[in-house]
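Shown next: upload.csv, given as CSV, C-alpha atoms.
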chain,number,residue,atom,x,y,z
A,25,MET,CA,0.1,6.6,20.0
A,26,THR,CA,1.7,8.2,17.0
A,27,VAL,CA,3.9,11.2,17.8
A,28,PRO,CA,5.4,14.0,15.7
A,29,ALA,CA,9.2,14.2,15.3
A,30,GLY,CA,11.2,16.1,17.9
A,31,ARG,CA,14.2,17.8,16.2
A,32,ARG,CA,14.9,17.5,12.6
A,33,ILE,CA,17.1,19.0,10.0
A,34,THR,CA,15.4,21.9,8.3
A,35,ARG,CA,15.3,22.3,4.6
A,36,ARG,CA,17.6,25.3,4.9
A,37,ASN,CA,20.2,23.3,6.7
A,38,MET,CA,20.1,20.5,4.2
A,39,LEU,CA,20.4,23.0,1.4
A,40,ALA,CA,23.5,24.5,3.1
A,41,ARG,CA,25.1,21.1,3.1
A,42,GLY,CA,24.6,20.9,-0.6
A,43,ILE,CA,21.5,18.7,-0.8
A,44,THR,CA,19.1,20.5,-3.1
A,45,HIS,CA,15.4,20.3,-2.9
A,46,CYS,CA,15.4,18.2,-6.1
A,47,GLU,CA,17.4,15.3,-4.5
A,48,ILE,CA,15.0,15.1,-1.6
A,49,PHE,CA,11.8,15.2,-3.4
A,50,ASP,CA,12.5,13.7,-6.8
A,51,ALA,CA,10.8,10.4,-6.0
A,52,ARG,CA,7.7,12.2,-4.9
A,53,GLY,CA,7.1,14.9,-7.5
A,54,SER,CA,3.8,15.9,-6.0
A,55,ALA,CA,5.6,17.7,-3.1
A,56,ASN,CA,6.8,20.3,-5.6
A,57,ARG,CA,3.3,21.2,-6.8
A,58,THR,CA,1.3,21.5,-3.6
A,59,MET,CA,2.5,24.7,-2.1
A,60,LEU,CA,2.5,27.5,-4.7
A,61,GLY,CA,-0.3,26.4,-6.9
A,62,THR,CA,-0.4,27.9,-10.4
A,63,SER,CA,1.6,31.1,-9.7
A,64,GLY,CA,4.5,29.8,-11.8
A,65,VAL,CA,7.0,30.3,-9.0
A,66,THR,CA,7.9,26.8,-7.9
A,67,ARG,CA,9.2,25.6,-4.6
A,68,ARG,CA,12.2,24.4,-6.4
A,69,LYS,CA,13.1,27.9,-7.7
A,70,VAL,CA,12.6,29.6,-4.4
A,71,LEU,CA,14.6,27.0,-2.5
A,72,ARG,CA,17.4,27.2,-5.1
A,73,THR,CA,17.7,30.9,-4.4
A,74,LEU,CA,17.7,30.3,-0.7
A,75,ALA,CA,20.3,27.7,-1.1
A,76,VAL,CA,22.7,30.1,-2.8
A,77,LEU,CA,22.2,32.6,0.0
A,78,GLY,CA,22.1,30.1,2.8
A,79,GLY,CA,25.1,28.2,1.6
A,80,LEU,CA,27.3,31.2,1.6
A,81,GLY,CA,26.5,32.0,5.2
A,82,ILE,CA,26.2,28.6,7.0
A,83,VAL,CA,28.8,26.3,5.4
A,84,GLY,CA,31.7,28.4,6.4
A,85,SER,CA,31.0,28.5,10.1
A,86,MET,CA,31.4,24.8,11.0
A,87,PRO,CA,33.8,23.2,8.6
A,88,GLY,CA,35.1,20.6,11.0
A,89,ALA,CA,32.0,18.8,12.2
A,90,ALA,CA,30.3,19.1,8.8
A,91,SER,CA,33.2,17.5,6.9
A,92,VAL,CA,33.4,14.6,9.3
A,93,ALA,CA,29.7,14.0,9.0
A,94,ARG,CA,29.8,14.4,5.3
A,95,ALA,CA,32.4,11.7,4.8
A,96,GLN,CA,30.2,8.9,6.3
A,97,GLY,CA,28.2,8.2,3.2
A,98,HIS,CA,31.2,7.9,0.9
A,99,LEU,CA,32.1,4.6,-0.8
A,100,ALA,CA,35.2,4.2,1.4
A,101,ASN,CA,32.9,4.0,4.5
A,102,LEU,CA,30.3,1.7,3.0
A,103,GLY,CA,32.3,-1.5,3.2
A,104,PRO,CA,33.4,-3.5,0.1
A,105,GLU,CA,31.1,-5.1,-2.5
A,106,GLU,CA,32.0,-8.7,-1.8
A,107,PRO,CA,30.5,-12.2,-1.8
A,108,VAL,CA,28.7,-13.3,1.3
A,109,GLU,CA,31.5,-15.7,2.3
A,110,SER,CA,33.9,-12.8,2.6
A,111,THR,CA,31.3,-10.8,4.6
A,112,MET,CA,30.9,-13.7,7.0
A,113,LYS,CA,34.6,-14.1,7.3
A,114,ARG,CA,35.1,-10.4,8.0
A,115,LEU,CA,32.3,-10.2,10.6
A,116,PHE,CA,33.0,-13.4,12.4
A,117,GLY,CA,36.5,-14.5,11.6
A,118,GLY,CA,36.7,-18.3,11.7
A,119,ARG,CA,34.4,-18.6,14.7
A,120,PRO,CA,32.1,-21.6,14.7
A,121,ILE,CA,28.5,-20.7,13.8
A,122,GLY,CA,26.0,-23.1,15.2
A,123,ASP,CA,22.7,-24.1,13.5
A,124,GLY,CA,20.0,-22.0,15.0
A,125,ALA,CA,17.2,-23.4,12.9
A,126,SER,CA,15.3,-24.7,15.9
A,127,SER,CA,15.5,-21.5,18.0
A,128,ILE,CA,15.5,-18.7,15.4
A,129,THR,CA,12.3,-17.8,13.5
A,130,ILE,CA,12.7,-15.8,10.4
A,131,ASP,CA,9.6,-14.3,8.9
A,132,LEU,CA,10.1,-13.6,5.3
A,133,PRO,CA,7.7,-13.8,2.3
A,134,LEU,CA,8.2,-16.7,-0.1
A,135,ILE,CA,7.9,-14.3,-3.0
A,136,ALA,CA,8.7,-10.6,-2.9
A,137,GLU,CA,6.9,-8.6,-5.6
A,138,ASN,CA,9.1,-5.6,-4.9
A,139,GLY,CA,12.7,-6.1,-4.0
A,140,ALA,CA,12.9,-2.6,-2.7
A,141,VAL,CA,10.7,-3.4,0.3
A,142,VAL,CA,10.9,-6.9,1.7
A,143,PRO,CA,9.7,-7.2,5.2
A,144,VAL,CA,11.6,-9.5,7.5
A,145,THR,CA,11.4,-10.3,11.2
A,146,VAL,CA,13.8,-12.3,13.3
A,147,GLU,CA,13.1,-13.7,16.7
A,148,TRP,CA,15.0,-16.0,19.0
A,149,SER,CA,12.9,-18.2,21.2
A,150,GLY,CA,15.1,-18.0,24.4
A,151,PRO,CA,14.8,-15.6,27.3
A,152,MET,CA,16.8,-12.4,27.6
A,153,ALA,CA,18.4,-12.9,31.0
A,154,PRO,CA,21.1,-10.6,32.4
A,155,GLN,CA,23.6,-13.5,32.4
A,156,ARG,CA,22.8,-14.8,28.9
A,157,TYR,CA,21.1,-12.7,26.3
A,158,VAL,CA,21.3,-11.9,22.6
A,159,LYS,CA,23.8,-9.2,22.1
A,160,SER,CA,23.5,-8.7,18.4
A,161,ILE,CA,21.3,-9.9,15.5
A,162,TYR,CA,22.9,-9.6,12.0
A,163,ILE,CA,20.7,-9.7,8.9
A,164,VAL,CA,22.6,-10.8,5.8
A,165,SER,CA,21.3,-11.2,2.3
A,166,ASP,CA,23.6,-13.5,0.4
A,167,LYS,CA,23.2,-12.1,-3.1
A,168,ASN,CA,23.3,-8.4,-2.3
A,169,ARG,CA,26.4,-6.6,-3.4
A,170,ARG,CA,27.1,-5.7,0.2
A,171,PRO,CA,25.5,-8.6,2.0
A,172,LEU,CA,25.2,-7.1,5.5
A,173,ASN,CA,21.8,-5.4,5.7
A,174,ALA,CA,21.8,-4.4,9.3
A,175,LYS,CA,23.2,-5.2,12.8
A,176,PHE,CA,20.8,-4.9,15.7
A,177,ASN,CA,22.6,-4.5,19.1
A,178,LEU,CA,20.4,-5.4,22.0
A,179,THR,CA,20.5,-5.4,25.8
A,180,PRO,CA,18.5,-7.5,28.3
A,181,ALA,CA,16.2,-4.5,28.8
A,182,VAL,CA,14.4,-5.2,25.5
A,183,GLY,CA,12.9,-8.3,27.0
A,184,LEU,CA,12.8,-10.3,23.8
A,185,ALA,CA,15.3,-10.9,21.0
A,186,TYR,CA,12.9,-9.7,18.3
A,187,VAL,CA,13.7,-7.3,15.5
A,188,GLY,CA,12.1,-6.4,12.2
A,189,THR,CA,12.8,-4.2,9.2
A,190,ASN,CA,12.2,-3.8,5.5
A,191,LEU,CA,15.1,-5.0,3.2
A,192,ARG,CA,16.2,-4.0,-0.2
A,193,LEU,CA,17.1,-7.1,-2.1
A,194,GLY,CA,18.8,-7.1,-5.5
A,195,GLU,CA,17.6,-10.5,-6.6
A,196,SER,CA,16.3,-13.8,-5.3
A,197,THR,CA,18.4,-14.8,-2.4
A,198,ASP,CA,18.8,-16.5,1.0
A,199,VAL,CA,18.4,-14.1,3.9
A,200,ARG,CA,20.2,-15.2,6.9
A,201,ALA,CA,20.0,-14.1,10.6
A,202,VAL,CA,23.1,-14.6,12.7
A,203,ILE,CA,22.6,-14.2,16.4
A,204,GLU,CA,25.5,-13.4,18.7
A,205,MET,CA,25.1,-14.1,22.4
A,206,ASN,CA,26.8,-12.0,25.0
A,207,ASP,CA,29.2,-14.8,25.6
A,208,GLY,CA,30.2,-14.9,21.9
A,209,THR,CA,28.2,-17.9,20.8
A,210,LEU,CA,27.0,-17.6,17.3
A,211,LEU,CA,23.8,-19.2,15.8
A,212,GLN,CA,22.5,-18.9,12.3
A,213,ALA,CA,19.3,-19.6,10.4
A,214,LYS,CA,18.3,-18.7,6.9
A,215,ARG,CA,15.3,-18.6,4.5
A,216,ALA,CA,15.0,-18.2,0.8
A,217,VAL,CA,13.0,-15.5,-0.9
A,218,LYS,CA,12.2,-15.1,-4.6
A,219,VAL,CA,12.4,-11.5,-5.8
A,220,THR,CA,10.5,-10.6,-8.9
A,221,VAL,CA,11.8,-7.1,-9.4
A,222,GLY,CA,15.1,-6.3,-7.8
A,223,GLY,CA,15.3,-3.4,-5.4
A,224,CYS,CA,18.9,-2.2,-5.7
A,225,GLY,CA,18.7,-0.1,-8.9
A,226,GLY,CA,21.3,-0.8,-11.6
B,59,MET,CA,3.8,14.9,1.5
B,60,ALA,CA,5.9,14.0,4.5
B,61,ASP,CA,9.3,15.7,5.2
B,62,ILE,CA,12.5,13.9,5.8
B,63,GLY,CA,12.9,13.2,9.5
B,64,ARG,CA,9.3,12.7,10.4
B,65,VAL,CA,9.2,9.8,13.0
B,66,ARG,CA,6.2,7.6,13.8
B,67,ILE,CA,6.2,5.3,16.7
B,68,ARG,CA,3.5,2.7,17.4
B,69,ILE,CA,3.1,1.0,20.7
B,70,PRO,CA,0.2,-1.1,21.9
B,71,THR,CA,-2.7,0.8,23.4
B,72,SER,CA,-2.9,-1.1,26.6
B,73,ILE,CA,0.3,-2.1,28.4
B,74,LYS,CA,0.6,-3.7,31.8
B,75,ALA,CA,3.6,-3.4,34.0
B,76,GLY,CA,6.2,-6.0,33.0
B,77,ASP,CA,4.8,-6.7,29.5
B,78,VAL,CA,7.2,-7.1,26.7
B,79,VAL,CA,5.8,-4.9,24.0
B,80,LYS,CA,6.6,-4.9,20.3
B,81,VAL,CA,7.3,-1.4,19.1
B,82,ARG,CA,7.1,-0.3,15.4
B,83,VAL,CA,8.9,2.8,14.3
B,84,LEU,CA,9.2,4.5,10.9
B,85,VAL,CA,11.1,7.5,9.8
B,86,ILE,CA,10.8,9.4,6.5
B,87,HIS,CA,14.1,9.2,4.7
B,88,PRO,CA,15.3,8.6,1.1
B,89,MET,CA,18.0,6.0,2.1
B,90,GLU,CA,19.9,6.8,-1.1
B,91,ILE,CA,21.4,3.8,-2.8
B,92,VAL,CA,24.7,3.6,-4.6
B,93,GLU,CA,24.5,4.8,-8.2
B,94,ARG,CA,26.3,3.0,-10.9
B,95,LYS,CA,27.8,4.6,-14.0
B,96,ASP,CA,29.3,2.3,-16.7
B,97,GLY,CA,28.9,-0.6,-14.2
B,98,LYS,CA,31.1,1.2,-11.5
B,99,PRO,CA,29.8,2.7,-8.3
B,100,VAL,CA,29.8,6.5,-8.2
B,101,ASP,CA,31.5,8.0,-5.2
B,102,LYS,CA,29.6,10.6,-3.3
B,103,ASN,CA,28.3,11.1,0.2
B,104,TYR,CA,25.2,9.0,0.0
B,105,HIS,CA,22.4,10.1,2.3
B,106,PHE,CA,21.0,7.3,4.4
B,107,ILE,CA,20.4,6.5,8.0
B,108,ASN,CA,23.3,4.5,9.4
B,109,HIS,CA,22.5,4.6,13.2
B,110,VAL,CA,19.4,4.2,15.3
B,111,VAL,CA,19.4,4.5,19.1
B,112,VAL,CA,16.6,3.4,21.3
B,113,SER,CA,16.4,4.6,24.8
B,114,TYR,CA,13.9,3.9,27.5
B,115,LEU,CA,13.8,5.8,30.8
B,116,ASP,CA,16.8,7.7,29.6
B,117,LYS,CA,18.9,4.6,29.3
B,118,GLU,CA,20.1,3.2,25.9
B,119,ILE,CA,18.5,-0.2,25.5
B,120,ALA,CA,19.2,-0.9,21.8
B,121,GLN,CA,21.2,0.4,19.0
B,122,PHE,CA,21.1,-0.5,15.3
B,123,GLU,CA,23.8,-0.1,12.6
B,124,THR,CA,22.0,0.2,9.3
B,125,THR,CA,22.9,0.3,5.7
B,126,GLN,CA,21.6,1.4,2.3
B,127,SER,CA,20.1,-2.0,1.9
B,128,ILE,CA,17.3,-1.0,4.3
B,129,SER,CA,14.2,0.3,2.4
B,130,GLU,CA,13.4,3.9,1.9
B,131,ASN,CA,11.4,5.4,4.8
B,132,PRO,CA,13.0,2.8,7.0
B,133,PHE,CA,10.8,0.7,9.3
B,134,PHE,CA,12.1,-1.0,12.4
B,135,ALA,CA,10.4,-3.3,14.9
B,136,PHE,CA,11.8,-4.3,18.2
B,137,ALA,CA,10.7,-5.2,21.7
B,138,VAL,CA,10.8,-3.3,25.0
B,139,LYS,CA,10.1,-4.7,28.5
B,140,ALA,CA,7.8,-2.1,30.0
B,141,THR,CA,9.0,-2.0,33.6
B,142,GLU,CA,7.9,1.5,34.5
B,143,PRO,CA,5.9,4.3,32.9
B,144,GLY,CA,8.2,6.5,31.0
B,145,VAL,CA,9.4,7.8,27.7
B,146,LEU,CA,10.6,5.6,24.9
B,147,ARG,CA,12.9,7.6,22.6
B,148,VAL,CA,14.1,6.6,19.2
B,149,THR,CA,16.8,8.6,17.5
B,150,PHE,CA,17.9,8.2,13.9
B,151,LEU,CA,21.3,9.5,12.7
B,152,ASP,CA,22.2,9.8,9.0
B,153,THR,CA,25.3,10.2,7.0
B,154,HIS,CA,24.8,13.9,6.5
B,155,GLY,CA,24.7,14.8,10.2
B,156,GLY,CA,21.0,14.6,10.3
B,157,LYS,CA,19.4,13.6,13.7
B,158,TYR,CA,15.7,12.8,13.9
B,159,GLU,CA,14.0,11.9,17.1
B,160,GLY,CA,10.6,10.6,18.1
B,161,THR,CA,9.2,9.7,21.5
B,162,ALA,CA,6.3,7.6,22.8
B,163,ASP,CA,5.0,7.5,26.3
B,164,ILE,CA,4.7,4.1,27.9
B,165,LYS,CA,1.8,4.2,30.3
B,166,PHE,CA,0.1,1.4,32.1
B,167,SER,CA,-3.6,0.7,31.8
Entire entry expressed as structure tokens:
Amino acid sequence: MTVPAGRRITRRNMLARGITHCEIFDARGSANRTMLGTSGVTRRKVLRTLAVLGGLGIVGSMPGAASVARAQGHLANLGPEEPVESTMKRLFGGRPIGDGASSITIDLPLIAENGAVVPVTVEWSGPMAPQRYVKSIYIVSDKNRRPLNAKFNLTPAVGLAYVGTNLRLGESTDVRAVIEMNDGTLLQAKRAVKVTVGGCGG
Amino acid sequence: MADIGRVRIRIPTSIKAGDVVKVRVLVIHPMEIVERKDGKPVDKNYHFINHVVVSYLDKEIAQFETTQSISENPFFAFAVKATEPGVLRVTFLDTHGGKYEGTADIKFS
């Protein structure tokens, strides 16, 4: 039932791209201490040395692809910090959004103890037929700095318009689900959640 | 502990042909959030998963565009209509060019 990962970026590759061991494992300090015990040579030191050696060799060889990939996480690609009304306008223009309260079920806790991990599921009660199906489900959190959390693009092969994920919420907010059908029809539903400790850092 | 890129896929143990099954998938990843300095966002290449591709029987059936406002070690749930036995593959792509993949065999019993 559970399966190991297929391909993945190795530590050496990540170091070559400028991501040091510290950035990866800072939140889980224990990873540093497991391998080399009490010898005094830490993983961190060994990997830093490897990074210097590795970075010299690997980075030079594929500048084009690497630089395009590197740009993706920059602020310019993240979308603006904006109020939810602007996000909705940007995503849907002035298109009418119908009330989906009777057909969209949003599962969301009433109170979230930890804003960094708020589970949510969205399900649309209709069938996924080849002629009429849910093409996209948008999850938007009104009070987040960048309200769009995720966009799920589906096809009839999924069999059911059902998605779930864990959200990071900065503060108590409405979480809304906007469903876009393949013919362009939009439906929306929303639920409120109280967040005790915000999950978006500063 | 776990490395970045480790993928876990959970599907129900007994599936019959034609069932719509709910799949749960998780990948280990920091999902870096925007840092703020003096109230202004710091510009750097934040490391987070921004794309997820789900394929079944070698056809893409779903694709997610994700942001930093998805929790660390992102979890996703979605449905698949199990028409034939075959491989369900979930691929995660991140902003640093990382590509992490996991597969699950859909078998009928």
key: Selected residue, from A:Ala153, A:Ala216, A:Met205, A:Met112, that lies nearest to Pro180 (chain A) when counting only C-alpha atoms   =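 That would be A:Ala153, the residue with the smallest distance to Pro180 (chain A).
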ask   = Which one is closest to Ala120 (chain B): B:Gly160, B:Leu146, B:Thr153, B:Tyr104? Count all atoms listed in the file.
value = B:Leu146
ask   = Once you count only C-alpha atoms, which residues of chain B turn out to be within 8 Å of chain A? Could you give them as a ChimeraX atom specification?
value = /B:59,62-71,78,88,91,93-94,100-106,119-130,132-139,153-162
message = For a test of reading the model, state the distance in Å between CA of Ser110 (chain A) and CA of Leu211 (chain A), rounded to one decimal.
response =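 Answer for the CA of Ser110 (chain A) to CA of Leu211 (chain A) separation: 17.8 Å.
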Could you give me, as a tab-separated table (two decimals) with C-alpha atoms, in the coordinates of the input, the residues that sit within 9 Å of (31.2, -16.9, 19.2) in the file's coordinates, counting all atoms listed in the file?
chain	number	residue	atom	x	y	z
A	116	PHE	CA	33.00	-13.40	12.40
A	119	ARG	CA	34.40	-18.60	14.70
A	120	PRO	CA	32.10	-21.60	14.70
A	121	ILE	CA	28.50	-20.70	13.80
A	204	GLU	CA	25.50	-13.40	18.70
A	205	MET	CA	25.10	-14.10	22.40
A	206	ASN	CA	26.80	-12.00	25.00
A	207	ASP	CA	29.20	-14.80	25.60
A	208	GLY	CA	30.20	-14.90	21.90
A	209	THR	CA	28.20	-17.90	20.80
A	210	LEU	CA	27.00	-17.60	17.30
A	211	LEU	CA	23.80	-19.20	15.80
